[in-house]
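S.K.: Below you will find the structure I want to go over with you.
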Amino acid sequence: MVKKENVAREETLKRSVERLETLMDEIPVGVANIDIKGKITYFNKRFEEISGYSREEIVSKNAFKLGLFSPETLKLLGRRIKERLIGKPLGPLQIQLKRKDGKWMWLEERAKLLKERGVPVGLQAIGQDITERKREEEALRQSEEKLRLMFEALPEGITVIDIDGKIVQSNKATAYIYGYDNKEEIIGLSIFEFIAEKDRTGITEIMKKTLKEGSLGAIELTQLRKDRSEFPAEVNGTVLKDASGNPIGFITITEDITERKQMEQEIQDKNEQLEIQNEELRATDEELHASNEELQATNEKLRDAQEKLVRSERLAAIGQLAGGVGHELRNPLSAIKNAVYYVRGKVAKNELAQKEPRVIEFLDIVDEEINSSNKIINDLLGFSRVGKPTVLPTRIERVIEDALSYTILPENIALTKKLNTGLPEIKIDTNQVCQVLVNVILNAVQAMPTGGKLTISAQEKDKFLEVEIADTGCGIPQEVMDKIFDPLFTTRAKGIGLGLAVCKTIIDRHQGHIGAESKVGKGATFTIKLPLEAEQ
């Protein structure tokens, strides 16, 4: 009877051991038991998969003589085993393990003390493969380093300010702008210390407004350097929020615009001088008009010629500046855009995209601003490259269709085309005239942000082929109608005012005319006249 009971107990124990071994093989982490001499007494299936070794190759072998670990790791493991055997609690350890195929992998290892009747007899090592996680961490570290280098390389001053106005982070350019040797000198200082007394009064209200609206458009402030000298600066700001969406500070972009203001002053002085000259010419014209109608006509022609010469000189100077500045900015913008694309791809593939969704949002903001900057650069380069037109016979209907193909019309804008049948061919530079049409169509679309109607018509009239582009947008104020074709004149927040100037240059070189009529709130109509028989 006793023998049968012993057999039953042994059978029950055997089944329990088998169930335990099956359970140990099913768990997703590696488990290995090691006695106090370092001999491996147990090795589960997951550890076989991790290491590439079979149990037969590992069990009963000394874990520290199999070549699984580097000498430095062996020393670390030996020290931790001693500490564990004396009961010292230890946290997880990240180590490298050499697989049977020679490849190194990362493990996160935890050790549990094994006892029999209260006496330590070995350790149970639990290992989890974290190779991919380490690879992702390294990729993220490299991405962060690239972002840091890009942040430090930006020529504008980038400053992170807390809710009270204290500087908590900045790039080198910020320190340089304010006359400091390094950025560590300005960390912890109040931003109010860098604002001149005359502009300091309203800055608190500006900060409150920025917190309410989320961002701050470009404003000009008189700021102070370390030596307390004043300089003009352009500042843009965005509210910085935590993961819960609560505002915790601001990110500002500061640009020293001393040279720009000097250039604007020089241009203003030259304009004043030109205005004085024009006044003198007008006075002379009036005197000549009183004496002789023929001399008046001659003087009017001379005045027109002088104005054209002044415009030509301005256009030439702006064109040279545009070409140089455009090429200098395009390469760094392309590098930044590529870096943002790379970072977005990396961030989207790891847990950071879910934990910090604002990262993607800020990358989108950077990308959008890069696209806006590229548009400005393209306008600059387009302005500087307008050359003599190469004319060939073509049909204006085809040019209009090409221009529309380059333009994406929003769904809330209705397009109507009124093209007279039997329009004659016309000798034009197709690419240049297409550029003019695209520019005017885009302006019309931008004038109708809530939708409207866009009408394009073409007709033959008085030895000219006329193209009209009409919109039902916000219209152009009468006081600025005479300036819309002037270089560097714009009414938009983004843009530099070269689009219509380029259009006028192109049409003038085709011996044509471009003009506009508008009523505020009713829309605008641009008329482009191209001669059917241009002078060669």
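Chain lettering (A, B, ...) mirrors the order of the structure tokens, residue numbering begins at 1 for each chain separately, and ligand numbering begins at 1 in order of display.
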Could you list, as a ChimeraX atom specification, every residue within 12 Å of A:Glu361, counting only C-alpha atoms and ignoring same-chain residues fewer than 6 positions away?

M.R.: /A:241,340,344,347-348,353-354,367-368

S.K.: Report as a ChimeraX atom specification all protein, DNA and RNA residues lying within 12 Å of A:Lys100, evaluated on only C-alpha atoms, omitting residues in the same chain fewer than 3 positions from it.

M.R.: /A:47-54,57-58,66-69,97,103-105

S.K.: Pick out the closest residue to A:Gly122 from this set: A:Asp101, A:Asp471, A:Glu144, A:Asp35. Count only C-alpha atoms.

M.R.: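 Of all the options, A:Asp35 lies closest to A:Gly122.
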
S.K.: A:Met263, A:Ala173, A:Ile469, A:Leu123: which is nearest A:Thr41, counting only C-alpha atoms?

M.R.: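 Smallest distance to A:Thr41 is found for A:Leu123.
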
S.K.: If we count only C-alpha atoms, what is near A:Leu240 at a cut-off of 8 Å, once residues fewer than 5 positions away on the same chain are taken out, given as a VMD selection string?

M.R.: chain A and resid 247 to 251

S.K.: How would the residues just picked look written out with C-alpha atoms as a PDB file, in the first residue's frame?

M.R.:
ATOM      1  CA  PRO A 247       1.156  76.455 -21.767  1.00  0.00           C
ATOM      2  CA  ILE A 248       4.559  76.291 -20.066  1.00  0.00           C
ATOM      3  CA  GLY A 249       6.471  78.959 -21.947  1.00  0.00           C
ATOM      4  CA  PHE A 250       7.428  80.335 -25.338  1.00  0.00           C
ATOM      5  CA  ILE A 251       9.769  79.632 -28.223  1.00  0.00           C
TER       6      ILE A 251
END

S.K.: Let's see if you can do this: from backbone DSSP, list all strand (DSSP E or B) residues in stretch 150-307 of chain A, as a ChimeraX atom specification.

M.R.: /A:157-162,166-170,190,195,215-224,230-241,247-256

S.K.: Generate a file of the selected residues that holds C-alpha atoms, formatted as an mmCIF file, in the first residue's frame.

M.R.:
data_model
loop_
_atom_site.group_PDB
_atom_site.id
_atom_site.type_symbol
_atom_site.label_atom_id
_atom_site.label_comp_id
_atom_site.auth_asym_id
_atom_site.auth_seq_id
_atom_site.Cartn_x
_atom_site.Cartn_y
_atom_site.Cartn_z
ATOM 1 C CA GLY A 157 18.446 83.345 -32.316
ATOM 2 C CA ILE A 158 16.205 80.537 -31.020
ATOM 3 C CA THR A 159 15.214 80.981 -27.369
ATOM 4 C CA VAL A 160 13.045 78.908 -25.028
ATOM 5 C CA ILE A 161 11.444 81.025 -22.299
ATOM 6 C CA ASP A 162 9.393 79.876 -19.318
ATOM 7 C CA LYS A 166 13.179 83.502 -17.920
ATOM 8 C CA ILE A 167 15.450 81.951 -20.542
ATOM 9 C CA VAL A 168 15.730 78.177 -20.069
ATOM 10 C CA GLN A 169 17.433 77.253 -23.371
ATOM 11 C CA SER A 170 18.886 78.931 -26.462
ATOM 12 C CA SER A 190 14.916 87.381 -17.793
ATOM 13 C CA ILE A 195 14.380 94.802 -24.179
ATOM 14 C CA SER A 215 1.549 82.387 -31.732
ATOM 15 C CA LEU A 216 2.972 85.834 -32.251
ATOM 16 C CA GLY A 217 3.453 87.370 -35.681
ATOM 17 C CA ALA A 218 6.671 89.201 -36.466
ATOM 18 C CA ILE A 219 7.085 92.318 -34.333
ATOM 19 C CA GLU A 220 9.942 94.790 -34.198
ATOM 20 C CA LEU A 221 11.524 95.563 -30.832
ATOM 21 C CA THR A 222 14.451 97.667 -29.763
ATOM 22 C CA GLN A 223 16.689 95.274 -27.832
ATOM 23 C CA LEU A 224 19.816 95.560 -25.698
ATOM 24 C CA GLU A 230 20.536 99.182 -28.598
ATOM 25 C CA PHE A 231 19.744 97.393 -31.863
ATOM 26 C CA PRO A 232 16.538 96.709 -33.829
ATOM 27 C CA ALA A 233 15.299 93.095 -33.835
ATOM 28 C CA GLU A 234 12.435 91.177 -35.405
ATOM 29 C CA VAL A 235 10.857 88.658 -33.028
ATOM 30 C CA ASN A 236 8.453 85.786 -33.757
ATOM 31 C CA GLY A 237 6.968 83.688 -30.940
ATOM 32 C CA THR A 238 5.042 80.458 -30.419
ATOM 33 C CA VAL A 239 3.489 79.126 -27.210
ATOM 34 C CA LEU A 240 5.193 76.015 -25.802
ATOM 35 C CA LYS A 241 2.817 73.494 -24.195
ATOM 36 C CA PRO A 247 1.156 76.455 -21.767
ATOM 37 C CA ILE A 248 4.559 76.291 -20.066
ATOM 38 C CA GLY A 249 6.471 78.959 -21.947
ATOM 39 C CA PHE A 250 7.428 80.335 -25.338
ATOM 40 C CA ILE A 251 9.769 79.632 -28.223
ATOM 41 C CA THR A 252 11.006 82.827 -29.870
ATOM 42 C CA ILE A 253 12.997 83.483 -33.033
ATOM 43 C CA THR A 254 15.049 86.678 -32.887
ATOM 44 C CA GLU A 255 16.795 88.278 -35.854
ATOM 45 C CA ASP A 256 19.082 91.303 -35.707
#

S.K.: Rank nothing, just name the residue among A:Arg80, A:Val467, A:Ala175, A:Ile36 nearest to A:Asn62, using only C-alpha atoms.

M.R.: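 Checking each of A:Arg80, A:Val467, A:Ala175, A:Ile36 against A:Asn62, counting only C-alpha atoms, the winner is A:Ile36.
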
S.K.: Find the residues around A:Lys226 up to 9 Å (only C-alpha atoms counted), leave out those fewer than 4 positions away in its own chain, and share them as a list in words.

M.R.: Tyr178, Gly179, Tyr180 and Phe194 of chain A

S.K.: Selection from above, N, CA and C atoms, as a JSON list (two decimals), in the first residue's frame, can you write it?

M.R.:
[["chain", "number", "residue", "atom", "x", "y", "z"],
["A", 178, "TYR", "N", 23.11, 88.97, -28.71],
["A", 178, "TYR", "CA", 23.09, 89.84, -27.53],
["A", 178, "TYR", "C", 24.49, 90.18, -27.02],
["A", 179, "GLY", "N", 25.54, 89.76, -27.74],
["A", 179, "GLY", "CA", 26.89, 90.17, -27.39],
["A", 179, "GLY", "C", 27.56, 89.33, -26.33],
["A", 180, "TYR", "N", 27.09, 88.11, -26.08],
["A", 180, "TYR", "CA", 27.70, 87.22, -25.10],
["A", 180, "TYR", "C", 28.61, 86.20, -25.81],
["A", 194, "PHE", "N", 16.71, 92.20, -21.94],
["A", 194, "PHE", "CA", 17.24, 92.43, -23.29],
["A", 194, "PHE", "C", 16.32, 93.34, -24.11]]

S.K.: Restricting the calculation to only C-alpha atoms, which member of A:Ile428, A:Ile95, A:Leu333, A:Ile186 is positioned closest to A:Pro155?

M.R.: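 Closest to A:Pro155, using only C-alpha atoms: A:Leu333.
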